[in-house]
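What follows is a short report on a single structure.
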Amino acid sequence: MAAEDSVEVFNKHRALLFSIAYRMLGSAADAEDILQEAFLRWQRAGEDEVKSPKSYLSAVVTRLCIDQLRSAKARREVYVGPWLPEPIMTQHMPDMTSTQELAESLSIAFLVVLESLSPVERAVFLLREVFGYDYAEIARVVGKSEANCRQITHRAQQRIHERRPRFHTTHEQQERVTQEFMQACANGNLQGLMAMLTNNAVLMSDGGGKAQAARNPIYGPNNVARFILGILAKAPPNISVRLNDVNGQPGIVTFVDDQPNAVLVLDVQDEQIRGVHIVANPDKLQALS
C-alpha cells in the first residue's frame, strides 16, 4: 500500500480508534499516544497481516490500551486523592456521541464505573456493548474464546448495573439541572443545593495533589453542598464560568485568566443530582486551553 493510501486509510478510521482508546484509558493525551503507536505499526504491517484495516487497527489499539492499563495500575494506586478521567470538549466531536450508547459510555460517571473492570473486561465490554463488534472478532482481539468473551460481557454488565443502574436523562434535562445548579451556587443557596441532591449523592474531586480538592469522596447532600460553596468562597475574583459540552453532556468549566481552572459535571437522575465530579488537576485540563 502506498504511503499516501496508508495515511488515508488510517485517517478514515481515526475517529473510531480514538473513541475506543479514550474510553479504555479515560485520557485524551494517552489515547493520542496510543494512536501514534498504532499508526507506526500500521505502516510496518505487511499485506498478509491485514485482512480488514478496521479490524486490524481496532485490535492493535485495544491491545495497546490493555497493556497501558496494566502498566498504569501501580500509578493509579499512589495517585493523590480520587482519580477521574480527563474531560474532553465534545461539542465539535459528533462521532463520539452519535448514538445513545456512545453518548452514555462517554460520560464521566460511566467512565468512573468502568474503572471497576479489569483491562480485558473493559475491552470486551466496550467492543461488544458500545461499538457492536461480534464475539468472534472480540475473541481474536483479546485472545479468549467466544464463550469466555460472552461470560466476561455478562459479568461486566452485572457489575456496571450494580454500580450504575440505567436511567435515561436527556441532554435538555441535564442542561436544565446544570443551569439551576449554577444559579444556586451563584446565590450561595445552601438549602437550594441540598434540595437538588439525592440522599445518596456523592462528590468526587480530582486535584492530583496539584490543585484544591477533597482527598476522599464526600457523601450526602449536606456535606456535598457545603463543600461546593466552600470552594466557591475561596475562588479568585477573576474567575469566569462557562457552560460547555463535556464528555457528551452539559458541564461547567471555570477559567482564571483565560486558563481552565476546573471542570464540573453532574450525574443527573430523575431531575436530581446523584453525583458531582470535579476535575481540577491542571495536567488533565491542558487540552481545554
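All residue names refer to the C-alpha cells as shown: chains lettered A, B, ... in order, residues numbered from 1 in each chain, ligands numbered from 1 in order.
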Requested in this report: Please identify all polymer residues within 7 Å of region 188-200 of chain A, counting only C-alpha atoms, omitting same-chain residues fewer than 2 positions from it, and present them as a PyMOL selection string.
Outcome: chain A and resi 181+184-186+202+219-222+225-226+229+272-274
Preceding selection exported with C-alpha atoms as a compact mmCIF listing (two decimals), in the first residue's frame:
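out05.txt was written with the following content:
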# COMPACT_ATOMS: atom_id res chain seq x y z
CA PHE A 181 -27.21 24.18 39.92
CA ALA A 184 -27.94 28.06 43.27
CA CYS A 185 -24.14 28.19 43.52
CA ALA A 186 -24.04 31.82 42.34
CA VAL A 202 -21.52 11.67 46.23
CA TYR A 219 -21.22 11.77 50.75
CA GLY A 220 -24.67 13.19 51.48
CA PRO A 221 -26.44 16.35 50.30
CA ASN A 222 -25.42 18.49 53.28
CA ALA A 225 -23.44 21.29 49.16
CA ARG A 226 -21.23 22.76 51.91
CA LEU A 229 -19.99 26.52 48.49
CA GLN A 272 -31.92 15.28 40.78
CA ILE A 273 -28.15 15.13 41.14
CA ARG A 274 -26.73 11.82 42.35
**Report entry** Residue among A:His161, A:His92, A:Arg76, A:Arg14 lying closest to Leu57 (chain A), counting only C-alpha atoms
**Finding:**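 Closest candidate: A:Arg14.
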Query raised in the report: Per DSSP on the backbone, what are the helix (DSSP H, G or I) residues of region 151-283 of chain A, as number ranges by chain?
Result: A: 151-163, 171-186, 190-196, 221-233, 282-283
Query raised in the report: By how many Å are CA of Gln183 (chain A) and CA of Arg163 (chain A) apart?
Result: 29.6 Å
**Report entry** Residues near Ala235 (chain A), cut-off 12 Å, only C-alpha atoms, skip fewer than 3 positions along chain, as a list in words
**Finding:**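 Listing them by chain and then by number gives Ala186, Gln212, Ile228, Leu229, Gly230, Ile231, Leu232, Asn238, Ile239, Ser240, Val241, Thr254, Phe255, Val256, Asn261 and Ala262 of chain A.
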Requested in this report: Identify, on the basis of only C-alpha atoms, every residue whose closest approach to Glu162 (chain A) does not exceed 10 Å; exclude the query and any residue fewer than 5 positions from it along the same chain; express the result as an MDAnalysis selection string.
Outcome: chainID A and resid 113 156:157
Query raised in the report: Contacts of region 167-174 of chain A at 9 Å or less, counting only C-alpha atoms, minus same-chain residues fewer than 6 places along, as a PyMOL selection string?
Result: chain A and resi 104+248-250+266-271
Query - Best match for closeness to His13 (chain A) among A:Gly209, A:Pro94, A:Gly26, A:Pro53, counting only C-alpha atoms - result: A:Pro53
Query - Which of A:Glu137, A:Glu8, A:Leu106, A:Ile160 sits closest to Met93 (chain A) [using only C-alpha atoms] - result: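 Smallest distance to Met93 (chain A) is found for A:Leu106.
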**Report entry** Shell around Val253 (chain A) at 12 Å using only C-alpha atoms, local window under 5 positions removed, as a list of chain:residue names
**Finding:** A:Pro87, A:Ile88, A:Met89, A:Thr178, A:Met182, A:Ile239, A:Ser240, A:Val241, A:Arg242, A:Leu243, A:Asn244, A:Asp245, A:Val246, A:Asp258, A:Gln259, A:Pro260, A:Asn261, A:Ala262, A:Val263, A:Leu264, A:Val265, A:Leu266, A:His277, A:Ile278, A:Val279, A:Ala280, A:Leu285, A:Leu288, A:Ser289
**Report entry** Selection: 10 Å around Gly81 (chain A), only C-alpha atoms, excl. self and same-chain fewer than 4 positions, as a list in words
**Finding:**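 Near neighbours after the sequence-gap exclusion: Arg76, Glu77, Met204, Ser205, Asp206, Gly207, Gly208, Gly209, Ala213, Ala214, Arg215, Asn216 and Pro217 of chain A.
Pairwise distance (CA of Cys149 (chain A), CA of Ile34 (chain A)) equals 23.6 Å.
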Query raised in the report: Could you write out, as a ChimeraX atom specification, all the residues of region 90-285 of chain A that DSSP marks as strand (DSSP E or B)?
Result: /A:197-206,218-219,239-246,249-256,259-269,272-279
